[in-house]
Each structure stands twice: as structure tokens, then as C-alpha cells.
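Student: What follows is the file upload_15.txt, containing compact mmCIF, C-alpha atoms and all ligand atoms:
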# COMPACT_ATOMS: atom_id res chain seq x y z
CA MET A 4 73.40 120.53 52.40
CA HIS A 5 69.83 119.64 53.29
CA VAL A 6 68.11 122.66 51.77
CA PRO A 7 68.48 122.34 48.01
CA ASP A 8 71.02 124.91 46.87
CA GLN A 9 68.49 126.44 44.50
CA HIS A 10 65.65 126.57 47.05
CA PRO A 11 63.68 129.83 46.63
CA LEU A 12 64.23 130.70 50.32
CA LEU A 13 68.01 130.53 49.93
CA LYS A 14 67.77 132.67 46.82
CA VAL A 15 65.75 135.29 48.73
CA LEU A 16 68.07 135.22 51.75
CA THR A 17 71.18 135.40 49.56
CA GLU A 18 69.87 138.34 47.58
CA ARG A 19 67.99 140.30 50.23
CA GLY A 20 68.68 138.73 53.65
CA GLY A 21 65.92 138.55 56.23
CA VAL A 22 64.82 137.12 59.55
CA CYS A 23 63.97 133.43 59.23
CA PHE A 24 62.10 131.56 62.00
CA LEU A 25 62.57 127.76 61.97
CA LEU A 26 59.57 125.73 62.94
CA GLY A 27 59.50 122.00 63.61
CA ALA A 28 58.74 119.41 66.26
CA THR A 29 61.44 118.01 68.52
CA ASP A 30 64.22 116.30 66.54
CA ALA A 31 62.85 117.50 63.19
CA GLY A 32 66.34 118.66 62.21
CA LYS A 33 66.01 122.44 62.84
CA SER A 34 69.45 122.99 64.34
CA THR A 35 71.14 120.83 61.71
CA LEU A 36 69.43 122.77 58.94
CA ILE A 37 70.41 126.08 60.54
CA ARG A 38 74.03 124.93 60.76
CA ASP A 39 73.97 124.13 57.03
CA MET A 40 72.33 127.45 56.15
CA VAL A 41 74.88 129.36 58.24
CA GLN A 42 77.67 127.54 56.40
CA LEU A 43 76.27 128.26 52.97
CA LEU A 44 75.32 131.91 53.55
CA SER A 45 78.56 132.74 55.39
CA ILE A 46 80.67 131.30 52.58
CA ARG A 47 78.60 133.40 50.17
CA GLY A 48 79.83 136.43 52.13
CA GLN A 49 76.73 137.20 54.18
CA ALA A 50 76.75 138.56 57.73
CA VAL A 51 74.73 135.79 59.39
CA MET A 52 73.50 135.59 62.96
CA VAL A 53 71.66 132.85 64.85
CA LEU A 54 69.30 133.46 67.74
CA ASP A 55 69.65 130.14 69.56
CA ALA A 56 66.44 130.09 71.59
CA ASP A 57 66.55 126.46 72.70
CA VAL A 58 67.06 126.52 76.48
CA GLY A 59 67.08 122.71 76.66
CA GLN A 60 69.39 121.68 73.81
CA SER A 61 71.26 124.87 73.01
CA THR A 62 73.75 124.49 70.15
CA TYR A 63 76.01 127.38 71.07
CA GLY A 64 75.52 128.17 74.77
CA LEU A 65 75.04 126.64 78.18
CA PRO A 66 71.64 124.93 78.70
CA THR A 67 69.19 127.34 80.41
CA THR A 68 70.47 130.31 78.36
CA LEU A 69 69.42 132.00 75.12
CA ASN A 70 72.25 133.07 72.84
CA LEU A 71 72.92 135.42 69.95
CA VAL A 72 75.73 134.17 67.72
CA ARG A 73 77.64 135.70 64.80
CA PHE A 74 80.07 133.87 62.51
CA SER A 75 83.43 134.48 60.90
CA VAL A 76 85.08 132.53 58.07
CA ASP A 77 88.73 131.59 58.60
CA ASP A 78 91.52 131.05 56.04
CA GLN A 79 90.46 127.43 55.50
CA GLN A 80 86.86 128.47 54.83
CA ARG A 81 85.77 127.14 58.22
CA VAL A 82 82.82 128.96 59.72
CA VAL A 83 83.55 129.89 63.34
CA PRO A 84 80.77 130.84 65.82
CA HIS A 85 81.11 133.72 68.33
CA VAL A 86 78.48 134.25 71.05
CA VAL A 87 77.85 138.01 71.18
CA ALA A 88 75.09 138.15 73.82
CA SER A 89 73.34 135.75 76.22
CA VAL A 90 70.22 135.86 78.33
CA PHE A 91 69.84 133.65 81.40
CA VAL A 92 66.45 131.93 81.69
CA GLY A 93 67.46 129.40 84.31
CA ALA A 94 65.22 126.60 83.06
CA THR A 95 65.58 123.81 80.50
CA SER A 96 62.07 124.09 79.07
CA PRO A 97 59.91 127.08 78.16
CA VAL A 98 56.97 125.52 80.04
CA GLY A 99 56.52 127.51 83.26
CA HIS A 100 59.00 130.13 81.97
CA LEU A 101 57.21 131.61 78.98
CA LEU A 102 57.76 135.26 79.89
CA PRO A 103 61.54 135.08 80.43
CA VAL A 104 61.85 133.14 77.16
CA VAL A 105 59.90 135.58 75.00
CA VAL A 106 61.33 138.69 76.67
CA GLY A 107 64.85 137.25 76.39
CA CYS A 108 64.37 136.46 72.71
CA ARG A 109 63.21 139.99 72.03
CA ARG A 110 66.19 141.44 73.91
CA LEU A 111 68.56 139.39 71.76
CA MET A 112 66.65 140.40 68.64
CA ASP A 113 67.11 144.08 69.56
CA ARG A 114 70.81 143.44 70.12
CA ALA A 115 71.06 141.78 66.71
CA LEU A 116 69.33 144.72 65.06
CA ALA A 117 71.72 147.13 66.81
CA LEU A 118 74.77 145.14 65.67
CA GLY A 119 73.48 144.65 62.12
CA PHE A 120 73.16 141.49 60.00
CA ASP A 121 72.08 140.35 56.56
CA THR A 122 70.32 137.19 57.71
CA LEU A 123 69.18 136.20 61.20
CA LEU A 124 68.11 132.57 61.72
CA ILE A 125 65.98 131.81 64.78
CA ASP A 126 66.31 128.31 66.27
CA PRO A 127 63.54 127.67 68.84
CA THR A 128 62.64 124.57 70.85
CA GLY A 129 60.52 121.83 69.28
CA PHE A 130 57.58 122.69 71.55
CA VAL A 131 54.87 122.97 68.86
CA GLU A 132 51.93 120.77 69.80
CA GLY A 133 49.00 121.62 72.07
CA PRO A 134 47.31 124.94 72.83
CA LEU A 135 50.11 126.33 75.04
CA ALA A 136 52.78 125.57 72.42
CA VAL A 137 50.73 127.14 69.62
CA GLU A 138 50.13 130.23 71.74
CA LEU A 139 53.83 130.54 72.61
CA LYS A 140 55.00 130.13 69.00
CA LEU A 141 52.51 132.62 67.61
CA GLN A 142 53.25 135.21 70.32
CA LYS A 143 56.97 134.74 69.72
CA ILE A 144 56.53 135.10 65.97
CA ASP A 145 54.51 138.29 66.55
CA LEU A 146 57.19 139.69 68.82
CA LEU A 147 60.21 138.81 66.65
CA ARG A 148 58.55 139.67 63.31
CA PRO A 149 60.33 137.18 61.02
CA THR A 150 60.18 137.85 57.29
CA GLN A 151 60.25 134.10 56.59
CA VAL A 152 58.99 131.04 58.46
CA LEU A 153 60.71 127.81 57.42
CA ALA A 154 58.87 124.70 58.61
CA LEU A 155 60.17 121.15 58.79
CA VAL A 156 56.99 119.15 58.46
CA ARG A 157 56.41 115.50 59.39
CA ALA A 158 52.58 115.20 59.29
CA ASN A 159 49.92 117.60 60.61
CA GLU A 160 51.80 118.68 63.74
CA LEU A 161 52.42 122.26 62.57
CA GLN A 162 49.08 122.83 60.92
CA PRO A 163 47.54 125.29 63.46
CA ILE A 164 50.66 127.46 63.45
CA LEU A 165 51.28 127.33 59.70
CA HIS A 166 47.66 127.93 58.81
CA ALA A 167 47.70 131.12 60.91
CA CYS A 168 51.07 132.32 59.57
CA ARG A 169 49.99 131.85 55.95
CA GLN A 170 47.38 134.57 56.41
CA ARG A 171 50.00 137.12 57.36
CA ALA A 172 51.11 139.66 54.76
CA ASP A 173 54.42 140.40 56.51
CA MET A 174 55.94 136.91 56.30
CA SER A 175 56.37 134.12 53.76
CA VAL A 176 55.99 130.48 54.75
CA TYR A 177 58.21 127.75 53.28
CA CYS A 178 57.92 124.02 54.05
CA LEU A 179 60.38 121.16 53.76
CA PRO A 180 59.88 117.53 54.80
CA VAL A 181 61.64 116.32 57.96
CA PRO A 182 64.85 114.66 56.63
CA ALA A 183 64.73 110.86 56.70
CA ALA A 184 68.04 110.89 58.60
CA ALA A 185 66.68 113.02 61.49
CA ARG A 186 66.99 110.95 64.64
CA SER A 187 64.89 111.05 67.80
CA ARG A 188 66.76 111.56 71.05
CA SER A 189 65.35 110.12 74.27
CA PRO A 190 64.88 112.29 77.39
CA ALA A 191 67.86 110.42 78.89
CA GLU A 192 70.06 111.32 75.92
CA ARG A 193 68.99 114.95 76.15
CA ARG A 194 69.74 114.97 79.89
CA ALA A 195 73.15 113.39 79.29
CA ASN A 196 73.88 116.00 76.63
CA ARG A 197 73.07 118.82 79.08
CA GLN A 198 75.08 117.14 81.82
CA GLU A 199 78.14 117.07 79.56
CA ARG A 200 77.70 120.77 78.73
CA TYR A 201 77.46 121.65 82.45
CA ARG A 202 80.48 119.46 83.22
CA CYS A 203 82.60 121.29 80.63
CA TYR A 204 81.47 124.72 81.81
CA PHE A 205 81.63 124.22 85.59
CA THR A 206 85.27 123.23 85.91
CA ASP A 207 87.99 124.88 87.98
CA LEU A 208 85.50 126.75 90.14
CA VAL A 209 86.20 129.70 92.42
CA ARG A 210 83.87 131.04 95.10
CA VAL A 211 82.78 134.66 94.72
CA SER A 212 80.64 136.50 97.23
CA PHE A 213 78.41 139.23 95.80
CA ARG A 214 77.40 141.94 98.28
CA LEU A 215 73.81 143.13 97.90
CA GLY A 216 74.03 146.88 97.55
CA ASP A 217 76.81 146.66 94.99
CA THR A 218 74.61 144.15 93.19
CA ALA A 219 70.89 143.34 93.27
CA VAL A 220 68.63 140.39 92.55
CA TRP A 221 66.56 140.81 89.39
CA GLY A 222 63.22 139.12 90.13
CA ARG A 223 62.14 136.68 92.75
CA TRP A 224 64.44 135.03 95.18
CA PRO A 225 64.00 131.80 97.03
CA GLN A 226 63.73 131.55 100.79
CA CYS A 227 67.12 130.12 101.67
CA ALA A 228 66.49 129.48 105.37
CA GLY A 229 66.29 125.75 106.04
CA ARG A 230 66.28 124.86 102.33
CA ASP A 231 68.87 122.97 100.40
CA LEU A 232 69.40 125.22 97.42
CA LYS A 233 73.05 124.42 97.00
CA GLY A 234 73.97 124.21 93.34
CA LEU A 235 71.03 126.34 92.16
CA LEU A 236 71.98 128.04 88.90
CA VAL A 237 72.46 131.79 89.29
CA GLY A 238 72.63 134.01 86.22
CA LEU A 239 75.27 136.72 86.54
CA ASN A 240 73.97 139.66 84.56
CA ASP A 241 75.63 142.92 83.59
CA ALA A 242 74.20 146.40 84.01
CA TYR A 243 72.09 145.88 80.86
CA GLY A 244 70.62 142.55 82.00
CA TYR A 245 72.70 140.43 79.61
CA CYS A 246 74.26 137.30 81.05
CA CYS A 247 78.04 137.38 81.44
CA GLY A 248 78.33 134.04 83.25
CA VAL A 249 76.45 131.44 85.27
CA GLY A 250 77.30 130.35 88.81
CA LEU A 251 76.19 127.67 91.26
CA LEU A 252 74.67 128.92 94.50
CA SER A 253 76.83 128.09 97.48
CA GLY A 254 74.98 130.07 100.14
CA CYS A 255 73.14 133.29 100.83
CA THR A 256 72.45 135.66 103.69
CA GLU A 257 70.40 138.85 103.75
CA ARG A 258 73.52 140.74 102.64
CA THR A 259 75.47 138.39 100.42
CA ILE A 260 75.03 135.75 97.77
CA ALA A 261 77.95 133.35 97.31
CA VAL A 262 78.32 131.43 94.07
CA ASP A 263 80.87 129.05 92.59
CA LEU A 264 81.82 130.00 89.07
CA PRO A 265 84.48 129.04 86.54
CA ARG A 266 87.81 130.79 87.16
CA SER A 267 87.83 131.59 83.44
CA CYS A 268 84.70 133.74 83.85
CA SER A 269 86.50 137.05 83.50
CA ALA A 270 83.48 139.32 83.74
CA VAL A 271 82.95 139.24 87.54
CA ARG A 272 83.50 142.99 87.84
CA GLU A 273 80.73 143.63 85.32
CA VAL A 274 78.12 141.70 87.36
CA ARG A 275 75.36 143.97 88.68
CA LEU A 276 72.26 141.79 88.68
CA LEU A 277 71.81 138.23 89.90
CA ARG A 278 68.98 136.05 88.74
CA PHE A 279 67.99 132.76 90.33
CA GLY A 280 67.25 129.79 88.09
CA SER A 281 64.96 126.82 88.64
CA VAL A 282 67.57 124.09 88.20
CA ALA A 283 70.17 122.97 90.75
CA LEU A 284 73.18 120.83 89.83
CA ASP A 285 75.06 118.31 91.93
CA PRO A 286 78.85 118.03 91.52
CA ASP A 287 78.36 115.52 88.66
CA GLY A 288 76.06 117.87 86.76
CA ASN A 289 72.85 115.95 87.58
CA GLU A 290 69.84 118.27 87.51
CA ARG A 291 67.32 118.85 90.29
CA PHE A 292 64.37 121.02 89.31
CA ILE A 293 63.12 123.58 91.83
CA SER A 294 60.09 125.35 90.49
CA PRO A 295 59.74 129.03 91.50
CA ARG A 296 56.23 128.00 92.61
CA GLN A 297 57.90 126.08 95.47
CA TRP A 298 59.90 129.14 96.56
N1 LIG A 301 69.69 116.05 57.42
C1 LIG A 301 70.19 115.29 58.40
N2 LIG A 301 71.09 114.31 58.12
C2 LIG A 301 71.59 113.54 59.10
N3 LIG A 301 71.22 113.64 60.40
C3 LIG A 301 70.34 114.59 60.72
C4 LIG A 301 69.78 115.46 59.74
N4 LIG A 301 68.91 116.29 60.36
C5 LIG A 301 68.94 115.94 61.65
N5 LIG A 301 69.80 114.93 61.88
C6 LIG A 301 70.08 114.30 63.18
O1 LIG A 301 68.85 114.17 63.89
C7 LIG A 301 68.99 114.58 65.26
C8 LIG A 301 68.05 115.75 65.53
O2 LIG A 301 68.45 116.86 64.71
P1 LIG A 301 68.48 118.34 65.26
O3 LIG A 301 69.20 118.45 66.54
O4 LIG A 301 68.95 119.18 64.13
O5 LIG A 301 66.91 118.53 65.49
P2 LIG A 301 66.15 119.74 66.20
O6 LIG A 301 64.88 119.91 65.45
O7 LIG A 301 67.03 120.92 66.30
O8 LIG A 301 65.86 119.10 67.63
P3 LIG A 301 65.44 119.91 68.98
O9 LIG A 301 63.97 120.09 68.89
O10 LIG A 301 65.83 119.00 70.09
O11 LIG A 301 66.19 121.20 69.00
C9 LIG A 301 70.45 114.92 65.44
O12 LIG A 301 71.10 113.79 65.99
C10 LIG A 301 70.96 115.23 64.05
O13 LIG A 301 72.33 114.92 63.90
MG MG A 302 67.61 122.08 67.95
Let me see whether you can do it: turn the structure in this file into C-alpha cells.

Tutor:
Amino acid sequence: MHVPDQHPLLKVLTERGGVCFLLGATDAGKSTLIRDMVQLLSIRGQAVMVLDADVGQSTYGLPTTLNLVRFSVDDQQRVVPHVVASVFVGATSPVGHLLPVVVGCRRLMDRALALGFDTLLIDPTGFVEGPLAVELKLQKIDLLRPTQVLALVRANELQPILHACRQRADMSVYCLPVPAAARSRSPAERRANRQERYRCYFTDLVRVSFRLGDTAVWGRWPQCAGRDLKGLLVGLNDAYGYCCGVGLLSGCTERTIAVDLPRSCSAVREVRLLRFGSVALDPDGNERFISPRQW
């Protein structure tokens, strides 16, 4: 356990619960710490949820999605995750996709509030430095209204965000040092990690053709004529806009959109809204980025 058992934050969360927003640069150990906190609080009998908001290195869902997760404890005291709602963003970084990320986080937060929890832990990306990152974090914090901010601090990298949060009366700020064992992962390692996640998800594919009329596209759609958009990620959303699966674009006409999706994706009949992503995959799961600006 990397938060001391007697840490005041754990005492507060154990006794009163709350919404705790993790803050830290890339590879600061946020997701590891959250995993440990989930373990500890779940074993203590709390209803814990995680809002996994890292579209690049998601712990619980497919890259490019945001996920809300609850946990159960089995007979052997193992803590088992269950994804209860997903939002498709369609990108592996918040940069260029700020609105879908913040709106998606808020939608999952509302879902969590409707389902009920004692403690909700929010695991964002490590995008913390520079004016855009500071703006995104502070807007996200304002929108999600955490009761606690827990920062993993290396040097001065979080100072602008923490200094602002400390002035707020509606949240408490706690700081821990980045653990010595936290390890940096190269862009290549991160890419390989995503590739493996895609490879596991996109197996045993079937082609499904969605007729526009029975379904609709939520948002922009790319001009398909003369473009190679094969393999573009397509979010398959239900009538409430939550993601019930992700497919790979195989082709589209004015009337139909055909996607390849895992046979195990049982929710095809629930799909009402399709959303195009900005990443295409080749059969090996290699990514090709297609910015909506190029559409
Ligand atoms: N306390 C720890 N003890 C041992 N290893 C750790 C610890 N904390 C982090 N690590 C290792 O460091 C790496 C980065 O940790 P982690 O994924 O938790 O960071 P993160 O802040 O969530 O990163 P990202 O910004 O990419 O989401 C991982 O390989 C993890 O196993
Ligand atoms: Mg992480």
C-alpha cells in the first residue's frame, strides 16, 4: 500500500466517503495508487467507483474510451472490477478533443451519482503542464466538483493547479511524493500497450451494417468518397449516448455505415448513435491518426 494506512485522506474517505481527483504528471503513479486505494476501501466494505478518464492508457477500458467502474469483493477477498458505463471519445489524447473528454467525464459522473457510491476516485491523464493542460484540469475539476484533490508531486510541475485549488473552500488538497518506484514509459511502450489492448478486443470480428434512419451519426462525419478511412474507430452508442461497443469502419454510403466488431459485442440491437473517432487501426492494431480537422 503506497498511501500510508493512517493517512488523513484515507481516514476521511473511510469515515465519510467523497469524490477524490488524482493529480500527477505522466507516470507519477496515479493509476497504481488508485488501484491500492480501491483495494483498501473495498475490503473495508465501501462502495467504491473509479472514473477512469485516461483515454490513452486506460486501466479498465479500451483506449479512446472513458469508463466508470464499480468493484465487488469475492470469497477470496479479491477485488473484481465491473465497467458500468463507457463514453467513446475516439482519440488517445485529450489534446484536440477537450470537449468530448470533459462532457464525457461529466456524463459518467452523473451516472455514478445516479447509481450511488461512498467513494469515487477520478483517474485522469498526466497532462498537467503548460497553459492548455492547466486550463483543462481546472475546468474539469470545476465540472466534477471533487471533495478532495490528491496530488502526486515530483517538483513544481503541479504548482499552478494546486495553488488555485488550495483557495477553494469546497475541496481539500492532499500531497504525496511520487513513489521512487514509479517508472517512466516511453511513447513506444505506451503505443505497444494500446496495440495489445486493441488486439485483445478486436478478435473474431463480424461485419454489421447500420442503416441510417434506424440509427444516426452523433456529430461530424468524415467525407468517405476517395478517402481511405478503413479501420477508423466508430463508437457504437445506445439511445442515451453511452458506448456499448467499438467497431472498425469497413465502408460507408449515404444510407449505411458498415463496421467490423467483435462477435461477443452483444449490444448491437441497442445501438442508435454512431460516432466517428480520430484513430484508424490496421489489422495488427497499429494506429493511424486522422484529425477531424482533415475531414
Ligand atoms: N508505488 C509503486 N511501486 C512500484 N511501481 C510503481 C509504483 N507506482 C507506480 N509504479 C510503476 O510506475 C509506472 C507508472 O505508474 P502508473 O501507471 O500508476 O502511473 P500514472 O500516473 O497512472 O501514469 P499515466 O499518466 O500514464 O496514467 C507503472 O509501470 C507502475 O507499475
Ligand atoms: Mg494512469

Student: Quick one: distance from atom CA of Gln142 of chain A to atom O13 of ligand LIG 301 (chain A) in Å, one decimal?

Tutor: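 Computing it gives 28.6 Å between the two atoms.
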
Student: Within 10 Å of segment 112-115 of chain A, counting all atoms listed in the file, which residues qualify if same-chain residues fewer than 4 places away don't, as a count of residues only?

Tutor: 19

Student: Which value, in Å to one decimal, gives the distance between atom CA of Cys168 of chain A and atom CA of Ile37 of chain A?

Tutor: 20.3 Å

Student: Kindly compile the residues surrounding ligand MG 302 (chain A) within 8 Å, counting all atoms listed in the file, and format them as a PDB file with C-alpha atoms, in the frame of the given file.

Tutor:
ATOM      1  CA  THR A  29      61.440 118.010  68.520  1.00  0.00           C
ATOM      2  CA  ASP A  30      64.220 116.300  66.540  1.00  0.00           C
ATOM      3  CA  GLY A  32      66.340 118.660  62.210  1.00  0.00           C
ATOM      4  CA  LYS A  33      66.010 122.440  62.840  1.00  0.00           C
ATOM      5  CA  SER A  34      69.450 122.990  64.340  1.00  0.00           C
ATOM      6  CA  THR A  35      71.140 120.830  61.710  1.00  0.00           C
ATOM      7  CA  ASP A  57      66.550 126.460  72.700  1.00  0.00           C
ATOM      8  CA  GLN A  60      69.390 121.680  73.810  1.00  0.00           C
ATOM      9  CA  SER A  61      71.260 124.870  73.010  1.00  0.00           C
ATOM     10  CA  THR A  62      73.750 124.490  70.150  1.00  0.00           C
ATOM     11  CA  ASP A 126      66.310 128.310  66.270  1.00  0.00           C
ATOM     12  CA  PRO A 127      63.540 127.670  68.840  1.00  0.00           C
ATOM     13  CA  THR A 128      62.640 124.570  70.850  1.00  0.00           C
ATOM     14  CA  GLY A 129      60.520 121.830  69.280  1.00  0.00           C
TER      15      GLY A 129
END

Student: One number please: atom CA of Ile46 of chain A to atom N5 of ligand LIG 301 (chain A), in Å, one decimal.

Tutor: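 Atom N5 of ligand LIG 301 (chain A) lies 21.7 Å from atom CA of Ile46 of chain A.
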
Student: Between A:Asp285, A:Glu199, A:Glu160, A:Glu18, which one has atoms that come closest to Leu232 of chain A, using only C-alpha atoms?

Tutor: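 Selected residue with least distance to Leu232 of chain A: A:Asp285.
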
Student: Nearest residue to Arg157 of chain A out of A:Pro134, A:Pro182, A:Gly288, A:Gly20, using all atoms listed in the file?

Tutor: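 Smallest separation from Arg157 of chain A among the options: A:Pro182.
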
Student: Got a sec: who's within 10 Å of Asn196 of chain A, counting all atoms listed in the file, leaving out chain neighbours fewer than 5 positions off, as a VMD selection string?

Tutor: chain A and resid 59 to 61 66 190 to 191 201 to 202

Student: Between A:Leu179, A:Val92, A:Leu165, A:Leu139, which one has atoms that come closest to Cys246 of chain A, using all atoms listed in the file?

Tutor: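 Looking only at the distances to Cys246 of chain A, the closest residue turns out to be A:Val92.
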
Student: Looking at only C-alpha atoms, which of A:Thr17, A:Thr122, A:Thr95, A:Gln49 is the one that sits closest to Arg291 of chain A?

Tutor: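 The answer is A:Thr95, which sits nearest to Arg291 of chain A.
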
Student: So which residues touch Leu161 of chain A within 9 Å, counting only C-alpha atoms, skipping near sequence neighbours fewer than 6 positions away, as a PyMOL selection string?

Tutor: chain A and resi 26-28+131-132+137+154-155

Student: Could you tell me which of A:Ser189, A:Gln42, A:Gln198, A:Thr259 comes closest to ligand LIG 301 (chain A) if we count only C-alpha atoms and all ligand atoms?

Tutor: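 Closest candidate: A:Ser189.
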
Student: Excluding Ala94 of chain A and any residue of its chain fewer than 5 positions from it, enumerate the residues within 8 Å of it, using only C-alpha atoms, and give them as an mmCIF file with C-alpha atoms, in the coordinates of the input.

Tutor:
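result-v4.cif was written with the following content:
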data_model
loop_
_atom_site.group_PDB
_atom_site.id
_atom_site.type_symbol
_atom_site.label_atom_id
_atom_site.label_comp_id
_atom_site.auth_asym_id
_atom_site.auth_seq_id
_atom_site.Cartn_x
_atom_site.Cartn_y
_atom_site.Cartn_z
ATOM 1 C CA VAL A 58 67.060 126.520 76.480
ATOM 2 C CA GLY A 59 67.080 122.710 76.660
ATOM 3 C CA PRO A 66 71.640 124.930 78.700
ATOM 4 C CA THR A 67 69.190 127.340 80.410
ATOM 5 C CA THR A 68 70.470 130.310 78.360
ATOM 6 C CA HIS A 100 59.000 130.130 81.970
ATOM 7 C CA GLY A 280 67.250 129.790 88.090
ATOM 8 C CA SER A 281 64.960 126.820 88.640
ATOM 9 C CA VAL A 282 67.570 124.090 88.200
#

Student: Of the residues A:Leu101, A:Ala184, A:Leu13, A:Val82, which is the one nearest to ligand LIG 301 (chain A), using only C-alpha atoms and all ligand atoms?

Tutor: A:Ala184

Student: What would the list of residues within 7 Å of (72.3, 126.5, 52.2) (file frame) look like as a PDB file with C-alpha atoms, in the coordinates of the input, if only C-alpha atoms are what count?

Tutor:
ATOM      1  CA  MET A   4      73.400 120.530  52.400  1.00  0.00           C
ATOM      2  CA  VAL A   6      68.110 122.660  51.770  1.00  0.00           C
ATOM      3  CA  ASP A   8      71.020 124.910  46.870  1.00  0.00           C
ATOM      4  CA  LEU A  13      68.010 130.530  49.930  1.00  0.00           C
ATOM      5  CA  ASP A  39      73.970 124.130  57.030  1.00  0.00           C
ATOM      6  CA  MET A  40      72.330 127.450  56.150  1.00  0.00           C
ATOM      7  CA  GLN A  42      77.670 127.540  56.400  1.00  0.00           C
ATOM      8  CA  LEU A  43      76.270 128.260  52.970  1.00  0.00           C
ATOM      9  CA  LEU A  44      75.320 131.910  53.550  1.00  0.00           C
TER      10      LEU A  44
END
